[in-house]
Amino acid sequence: MTTVATERLIRPHGGELVDRTGPRPDDLDRLEQLALTSRELSDLDMLASGSLSPLEGFMGREDYEKVVEEMRLSNGLAWALPVCLAVDDAPGGDRVALADGEGRVLALLEVDDVYQYDKEREAERCFRTTDEAHPGVARLFAQKSRYLAGRVTVFERLEPSFPELAMDPAETRAAFAERGWKRVVGFQTRNPIHRAHEYLTKGALETVDGLLIHPLVGETKSDDVPVATRVECYRVLLEGYYPQDRVVLSAFPAAMRYAGPREAIWHAICRKNYGCSHFIVGRDHAGVGDYYGTYDAQLIFDEFEPHELDIEPMFFEHAFYCRRCGQMATPKTCPHGGDDHVFLSGTKVRDLLAAGELPPVEFSRPEVAEVLIRAYRD
Ligand SMILES: [Zn+2]
């Protein structure tokens with residue numbers, strides 16, 4: 001890696017990129033073994049790679065309390081969501097083995113603390129609701145009743161679902177440096193990219209050196225578009241409509257929490273670790289149902305001092321094609337009314353695709369729509 005070049009990039013959160021990978025200990029067989037949930041496994045892998053820098057393990061009580069109440073770690077550094085490992089009981093030893101659902105041991109945790117936590121309060125503060133219909137709240141309420149804290153050492157990484165798209169923060173940083181980029185904008189998505197989001201990413205790219213399209217590939221709700229379909233959509237879109245030397249497509253291994261505003265902050269901090277100096281925050285970022293106001297995920301950035309996050313959020317309103325303007329626009333840039341705008345509801349788009357019909361080109365690139373139509377057919 002060219003150290004000189006990566007130094008041009010934004011520094012990781014807290015200053016140093018954490019690396020919690022390490023050798024497999026000899027006495028692993030004698031240790032108590034804990035099976036992690038899919039969300040915890042995503043977090044573990046992100047701890048290993050430094051995506052969650054400066055965290056080195058699952059959070060202790062002081063960090064947890066301050067994150068829940070003040071969106072700061074105990075050392076004062078901004079942090080928006082708990083990264084915790086739920087257990088029933090305190091483990092017997094001072095080290096435990098962490099395993100996936102199939103019993104494959106991936107990591108070691110040095111036990112620091114085991115503590116009670118208040119699920120209602122965590123839900124209220126982090127998700128702004130205690131409604132069990134909220135998928136993040138439902139998962140929180142279903143999990144075990146105590147948190148196990150401690151530093152982790154990961155000796156076996158998760159199998160990435162898309163190996164060719166798997167890039168750790170050190171790798172995206174190297175890729176940006178290789179291209180000579182300094183200012184890079186990250187785009188989080190868990191949906192196919194239609195014209196509206198293409199417009200946002202390109203609008204952002206106009207002002208920086210490069211674009212990281214960083215779709216979340218960890219666990220999502222069952223009614224979100226399956227990740228394999230989405231990845232194919234991104235590929236055809238990038239091939240046809242983006243300059244290859246200005247864009248990096250890579251997978252973001254996080255699980256969705258659907259925590260809306262707080263997750264927008266969390267997503268931004270993670271992307272800073274990947275080397276992004278800017279981060280796109282659209283309407284209802286990481287939201288679900290109608291738990292959050294349309295622009296809450298943008299307003300929450302005002303709760304931080306300018307240099308606490310360092311990464312610069314780029315706020316966008318919803319985009320559409322305007323027939324009178326003859327181009328993509330947003331309410332910020334188009335003075336015309338809804339009658340001039342090409343608008344299709346999510347339901348309408350799904351109906352069209354399911355019937356094998358292409359939505360208007362002003363809404364979706366035909367190559368992307370074709371991928372979705374094929375996915376509906378299978
Ligand atoms: Zn217009």
# chains A, B, ... in the order shown; residues from 1 in each chain; ligands from 1
>>> residues_near_ligand(ligand="ligand 1", cutoff="9 Å", atoms="only C-alpha atoms and all ligand atoms", output="MDAnalysis selection string")
chainID A and resid 321:331 333:338 340:341
>>> write_last_selection(atoms="C-alpha atoms", output="mmCIF file, in the first residue's frame")
data_model
loop_
_atom_site.group_PDB
_atom_site.id
_atom_site.type_symbol
_atom_site.label_atom_id
_atom_site.label_comp_id
_atom_site.auth_asym_id
_atom_site.auth_seq_id
_atom_site.Cartn_x
_atom_site.Cartn_y
_atom_site.Cartn_z
ATOM 1 C CA TYR A 321 -37.691 13.729 -13.647
ATOM 2 C CA CYS A 322 -39.425 17.013 -14.513
ATOM 3 C CA ARG A 323 -40.890 17.212 -18.010
ATOM 4 C CA ARG A 324 -40.850 21.021 -18.037
ATOM 5 C CA CYS A 325 -37.254 21.255 -16.805
ATOM 6 C CA GLY A 326 -36.426 18.424 -19.195
ATOM 7 C CA GLN A 327 -34.136 16.841 -16.602
ATOM 8 C CA MET A 328 -33.814 15.237 -13.215
ATOM 9 C CA ALA A 329 -34.417 17.704 -10.393
ATOM 10 C CA THR A 330 -35.517 18.077 -6.789
ATOM 11 C CA PRO A 331 -37.832 20.550 -5.046
ATOM 12 C CA THR A 333 -34.031 23.050 -8.179
ATOM 13 C CA CYS A 334 -37.390 22.717 -9.931
ATOM 14 C CA PRO A 335 -40.177 25.305 -9.595
ATOM 15 C CA HIS A 336 -42.854 23.166 -11.278
ATOM 16 C CA GLY A 337 -45.672 21.189 -9.759
ATOM 17 C CA GLY A 338 -46.293 17.488 -9.381
ATOM 18 C CA ASP A 340 -44.918 17.915 -14.521
ATOM 19 C CA HIS A 341 -43.018 15.309 -12.533
#
>>> select_by_dssp(residues="segment 62-224 of chain A", states="helix (DSSP H, G or I)", output="PyMOL selection string")
chain A and resi 62-70+119-127+135-142+163-165+169-178+195-205
>>> write_last_selection(atoms="N, CA and C atoms", output="tab-separated table (two decimals), in the first residue's frame")
chain	number	residue	atom	x	y	z
A	62	GLU	N	-19.82	1.52	30.21
A	62	GLU	CA	-19.68	2.98	30.14
A	62	GLU	C	-19.91	3.52	28.74
A	63	ASP	N	-19.31	2.82	27.76
A	63	ASP	CA	-19.53	3.23	26.37
A	63	ASP	C	-21.01	3.09	26.02
A	64	TYR	N	-21.59	1.95	26.41
A	64	TYR	CA	-22.99	1.69	26.07
A	64	TYR	C	-23.90	2.78	26.63
A	65	GLU	N	-23.73	3.07	27.92
A	65	GLU	CA	-24.59	4.07	28.57
A	65	GLU	C	-24.50	5.43	27.87
A	66	LYS	N	-23.27	5.82	27.60
A	66	LYS	CA	-23.08	7.15	27.02
A	66	LYS	C	-23.56	7.19	25.56
A	67	VAL	N	-23.40	6.09	24.84
A	67	VAL	CA	-23.89	6.04	23.46
A	67	VAL	C	-25.41	6.14	23.46
A	68	VAL	N	-26.05	5.37	24.32
A	68	VAL	CA	-27.52	5.39	24.36
A	68	VAL	C	-28.03	6.78	24.75
A	69	GLU	N	-27.41	7.39	25.75
A	69	GLU	CA	-27.91	8.66	26.25
A	69	GLU	C	-27.42	9.87	25.47
A	70	GLU	N	-26.16	9.84	25.02
A	70	GLU	CA	-25.57	11.07	24.47
A	70	GLU	C	-24.94	10.93	23.09
A	119	LYS	N	-33.96	-2.79	27.83
A	119	LYS	CA	-34.35	-2.86	26.42
A	119	LYS	C	-35.28	-1.72	26.02
A	120	GLU	N	-36.23	-1.41	26.93
A	120	GLU	CA	-37.19	-0.34	26.64
A	120	GLU	C	-36.47	0.99	26.41
A	121	ARG	N	-35.51	1.25	27.28
A	121	ARG	CA	-34.79	2.52	27.18
A	121	ARG	C	-33.93	2.55	25.91
A	122	GLU	N	-33.25	1.44	25.63
A	122	GLU	CA	-32.43	1.39	24.42
A	122	GLU	C	-33.30	1.61	23.18
A	123	ALA	N	-34.49	0.98	23.17
A	123	ALA	CA	-35.41	1.15	22.04
A	123	ALA	C	-35.86	2.61	21.92
A	124	GLU	N	-36.28	3.16	23.05
A	124	GLU	CA	-36.77	4.53	23.08
A	124	GLU	C	-35.71	5.52	22.59
A	125	ARG	N	-34.50	5.36	23.07
A	125	ARG	CA	-33.43	6.30	22.73
A	125	ARG	C	-32.89	6.08	21.31
A	126	CYS	N	-32.67	4.83	20.96
A	126	CYS	CA	-31.98	4.54	19.69
A	126	CYS	C	-32.94	4.45	18.51
A	127	PHE	N	-34.13	3.90	18.74
A	127	PHE	CA	-35.09	3.72	17.65
A	127	PHE	C	-36.23	4.74	17.71
A	135	PRO	N	-38.83	-3.41	13.05
A	135	PRO	CA	-37.97	-4.61	12.99
A	135	PRO	C	-36.73	-4.53	13.90
A	136	GLY	N	-36.18	-3.33	14.09
A	136	GLY	CA	-35.02	-3.19	14.97
A	136	GLY	C	-35.42	-3.39	16.43
A	137	VAL	N	-36.57	-2.85	16.79
A	137	VAL	CA	-37.07	-2.99	18.16
A	137	VAL	C	-37.43	-4.45	18.43
A	138	ALA	N	-38.06	-5.10	17.45
A	138	ALA	CA	-38.44	-6.51	17.61
A	138	ALA	C	-37.19	-7.35	17.88
A	139	ARG	N	-36.12	-7.07	17.14
A	139	ARG	CA	-34.90	-7.85	17.33
A	139	ARG	C	-34.28	-7.57	18.70
A	140	LEU	N	-34.31	-6.31	19.10
A	140	LEU	CA	-33.78	-5.94	20.43
A	140	LEU	C	-34.56	-6.65	21.53
A	141	PHE	N	-35.89	-6.63	21.44
A	141	PHE	CA	-36.71	-7.23	22.49
A	141	PHE	C	-36.56	-8.75	22.53
A	142	ALA	N	-36.23	-9.34	21.38
A	142	ALA	CA	-36.11	-10.80	21.32
A	142	ALA	C	-34.74	-11.29	21.81
A	163	PRO	N	-17.68	-12.19	-2.89
A	163	PRO	CA	-16.23	-12.06	-2.68
A	163	PRO	C	-15.59	-10.97	-3.53
A	164	GLU	N	-16.07	-10.81	-4.77
A	164	GLU	CA	-15.43	-9.82	-5.64
A	164	GLU	C	-15.79	-8.39	-5.23
A	165	LEU	N	-16.79	-8.25	-4.37
A	165	LEU	CA	-17.16	-6.90	-3.90
A	165	LEU	C	-16.70	-6.65	-2.47
A	169	PRO	N	-11.86	-1.70	4.97
A	169	PRO	CA	-11.49	-0.28	4.92
A	169	PRO	C	-10.08	-0.04	4.40
A	170	ALA	N	-9.11	-0.87	4.78
A	170	ALA	CA	-7.74	-0.68	4.29
A	170	ALA	C	-7.70	-0.83	2.76
A	171	GLU	N	-8.55	-1.70	2.24
A	171	GLU	CA	-8.56	-1.94	0.79
A	171	GLU	C	-9.26	-0.82	0.00
A	172	THR	N	-10.37	-0.31	0.54
A	172	THR	CA	-11.01	0.82	-0.17
A	172	THR	C	-10.08	2.02	-0.12
A	173	ARG	N	-9.43	2.22	1.02
A	173	ARG	CA	-8.48	3.33	1.15
A	173	ARG	C	-7.36	3.20	0.12
A	174	ALA	N	-6.83	1.99	-0.03
A	174	ALA	CA	-5.77	1.77	-1.01
A	174	ALA	C	-6.29	2.03	-2.43
A	175	ALA	N	-7.52	1.58	-2.68
A	175	ALA	CA	-8.11	1.78	-4.02
A	175	ALA	C	-8.29	3.27	-4.31
A	176	PHE	N	-8.73	4.03	-3.32
A	176	PHE	CA	-8.91	5.48	-3.52
A	176	PHE	C	-7.56	6.13	-3.78
A	177	ALA	N	-6.58	5.74	-2.96
A	177	ALA	CA	-5.24	6.34	-3.07
A	177	ALA	C	-4.63	6.05	-4.44
A	178	GLU	N	-4.80	4.81	-4.89
A	178	GLU	CA	-4.28	4.41	-6.20
A	178	GLU	C	-4.83	5.29	-7.32
A	195	ARG	N	-33.35	6.21	-11.33
A	195	ARG	CA	-32.85	7.50	-11.81
A	195	ARG	C	-32.67	8.51	-10.67
A	196	ALA	N	-33.58	8.48	-9.70
A	196	ALA	CA	-33.52	9.48	-8.62
A	196	ALA	C	-32.21	9.37	-7.85
A	197	HIS	N	-31.84	8.16	-7.47
A	197	HIS	CA	-30.61	7.99	-6.71
A	197	HIS	C	-29.37	8.11	-7.59
A	198	GLU	N	-29.52	7.74	-8.84
A	198	GLU	CA	-28.41	7.98	-9.78
A	198	GLU	C	-28.10	9.48	-9.82
A	199	TYR	N	-29.17	10.26	-9.86
A	199	TYR	CA	-29.02	11.72	-9.91
A	199	TYR	C	-28.29	12.24	-8.66
A	200	LEU	N	-28.67	11.74	-7.48
A	200	LEU	CA	-28.01	12.19	-6.25
A	200	LEU	C	-26.53	11.83	-6.26
A	201	THR	N	-26.22	10.58	-6.64
A	201	THR	CA	-24.82	10.17	-6.60
A	201	THR	C	-23.99	10.97	-7.59
A	202	LYS	N	-24.58	11.26	-8.75
A	202	LYS	CA	-23.83	12.02	-9.75
A	202	LYS	C	-23.71	13.49	-9.36
A	203	GLY	N	-24.77	14.01	-8.75
A	203	GLY	CA	-24.70	15.39	-8.26
A	203	GLY	C	-23.59	15.53	-7.23
A	204	ALA	N	-23.48	14.55	-6.33
A	204	ALA	CA	-22.43	14.57	-5.32
A	204	ALA	C	-21.06	14.41	-5.98
A	205	LEU	N	-20.98	13.48	-6.92
A	205	LEU	CA	-19.69	13.21	-7.59
A	205	LEU	C	-19.17	14.43	-8.34
>>> residues_around(residues="Glu312 of chain A", least_positions_apart="3", cutoff="7 Å", atoms="only C-alpha atoms", output="PyMOL selection string")
chain A and resi 277-279
>>> residues_around(residues="Glu32 of chain A", least_positions_apart="2", cutoff="7 Å", atoms="only C-alpha atoms", output="list in words")
Arg30, Leu34, Val96 and Ala97 of chain A
>>> closest_residue(among="A:Ala319, A:Val368, A:Leu309, A:Leu238", to="Gly76 of chain A", atoms="only C-alpha atoms")
A:Leu309
>>> residues_around(residues="Ala354 of chain A", least_positions_apart="4", cutoff="8 Å", atoms="only C-alpha atoms", output="VMD selection string")
chain A and resid 350 373 376 to 377
>>> atom_distance(atom1="atom CA of Gly275 of chain A", atom2="atom CA of Met71 of chain A")
21.8 Å
>>> residues_around(residues="Val247 of chain A", least_positions_apart="2", cutoff="12 Å", atoms="only C-alpha atoms", output="PyMOL selection string")
chain A and resi 172+175-176+179+181+184-187+201-202+204-205+208-214+234-235+237-239+241-245+249-250
>>> residues_around(residues="Lys272 of chain A", least_positions_apart="6", cutoff="8 Å", atoms="only C-alpha atoms", output="count of residues only")
6
>>> closest_residue(among="A:Leu17, A:Leu109, A:Cys233, A:Leu77", to="Phe155 of chain A", atoms="only C-alpha atoms")
A:Leu109
>>> closest_residue(among="A:Asp131, A:Glu317, A:Glu102, A:Glu206", to="Ala35 of chain A", atoms="only C-alpha atoms")
A:Glu102
>>> select_by_dssp(residues="segment 144-280 of chain A", states="strand (DSSP E)", output="VMD selection string")
chain A and resid 146 to 154 184 to 189 210 to 215 247 to 249 278 to 280
>>> write_last_selection(atoms="C-alpha atoms", output="PDB file, in the first residue's frame")
ATOM      1  CA  ARG A 146     -27.383  -9.091  29.355  1.00  0.00           C
ATOM      2  CA  TYR A 147     -24.479  -7.696  27.400  1.00  0.00           C
ATOM      3  CA  LEU A 148     -21.061  -9.295  27.302  1.00  0.00           C
ATOM      4  CA  ALA A 149     -18.269  -6.787  26.787  1.00  0.00           C
ATOM      5  CA  GLY A 150     -14.725  -7.361  25.669  1.00  0.00           C
ATOM      6  CA  ARG A 151     -12.078  -7.016  23.019  1.00  0.00           C
ATOM      7  CA  VAL A 152     -12.249  -9.509  20.158  1.00  0.00           C
ATOM      8  CA  THR A 153      -9.613 -11.212  18.047  1.00  0.00           C
ATOM      9  CA  VAL A 154     -10.985 -12.651  14.827  1.00  0.00           C
ATOM     10  CA  VAL A 184     -14.604  10.647  -1.869  1.00  0.00           C
ATOM     11  CA  VAL A 185     -18.363  10.492  -1.376  1.00  0.00           C
ATOM     12  CA  GLY A 186     -19.979   7.346   0.010  1.00  0.00           C
ATOM     13  CA  PHE A 187     -23.461   6.221  -0.975  1.00  0.00           C
ATOM     14  CA  GLN A 188     -25.327   3.786   1.263  1.00  0.00           C
ATOM     15  CA  THR A 189     -28.184   1.875  -0.294  1.00  0.00           C
ATOM     16  CA  GLY A 210     -14.642   9.745  -6.535  1.00  0.00           C
ATOM     17  CA  LEU A 211     -17.783   7.862  -5.580  1.00  0.00           C
ATOM     18  CA  LEU A 212     -18.048   4.757  -3.410  1.00  0.00           C
ATOM     19  CA  ILE A 213     -21.290   2.922  -4.115  1.00  0.00           C
ATOM     20  CA  HIS A 214     -21.546   0.935  -0.930  1.00  0.00           C
ATOM     21  CA  PRO A 215     -24.675  -1.216  -0.842  1.00  0.00           C
ATOM     22  CA  VAL A 247     -16.573   4.869  -9.122  1.00  0.00           C
ATOM     23  CA  VAL A 248     -15.785   1.995  -6.784  1.00  0.00           C
ATOM     24  CA  LEU A 249     -18.541  -0.550  -6.127  1.00  0.00           C
ATOM     25  CA  HIS A 278     -18.382  12.884   2.245  1.00  0.00           C
ATOM     26  CA  PHE A 279     -21.551  10.890   2.759  1.00  0.00           C
ATOM     27  CA  ILE A 280     -24.913  11.155   1.013  1.00  0.00           C
TER      28      ILE A 280
END
>>> atom_distance(atom1="atom CA of Pro306 of chain A", atom2="atom CA of Leu73 of chain A")
17.2 Å
>>> closest_residue(among="A:Leu344, A:Val111, A:Leu52, A:Met314", to="Phe252 of chain A", atoms="only C-alpha atoms")
A:Leu52
>>> closest_atom_pairs(of="segment 256-312 of chain A", to="segment 78-94 of chain A", cutoff="12 Å", atoms="only C-alpha atoms", output="tab-separated table")
residue	atom	partner	partner_atom	distance
A:Met256	CA	A:Leu81	CA	11.8
A:Arg257	CA	A:Leu81	CA	9.3
A:Tyr258	CA	A:Leu81	CA	11.2
A:Ala259	CA	A:Leu81	CA	8.5
A:Gly260	CA	A:Leu81	CA	10.9
A:Pro261	CA	A:Ala80	CA	9.0
A:Arg262	CA	A:Ala80	CA	5.4
A:Glu263	CA	A:Ala80	CA	6.9
A:Ala264	CA	A:Ala80	CA	8.6
A:Ile265	CA	A:Ala80	CA	6.1
A:Trp266	CA	A:Ala80	CA	5.4
A:His267	CA	A:Ala80	CA	9.2
A:Ala268	CA	A:Ala80	CA	10.0
A:Ile269	CA	A:Trp79	CA	7.7
A:Cys270	CA	A:Trp79	CA	10.0
A:Ala297	CA	A:Ala80	CA	11.9
A:Ile300	CA	A:Ala80	CA	10.3
A:Phe301	CA	A:Ala80	CA	10.8
A:Glu303	CA	A:Ala78	CA	10.2
A:Phe304	CA	A:Ala78	CA	7.8
A:Glu305	CA	A:Ala78	CA	9.6
A:Pro306	CA	A:Ala78	CA	11.4
A:His307	CA	A:Ala78	CA	10.0
A:Glu308	CA	A:Ala78	CA	6.3
A:Leu309	CA	A:Ala78	CA	6.7
A:Asp310	CA	A:Ala78	CA	10.2
A:Ile311	CA	A:Ala78	CA	11.7
>>> atom_distance(atom1="atom CA of Val281 of chain A", atom2="atom CA of Phe315 of chain A")
5.0 Å
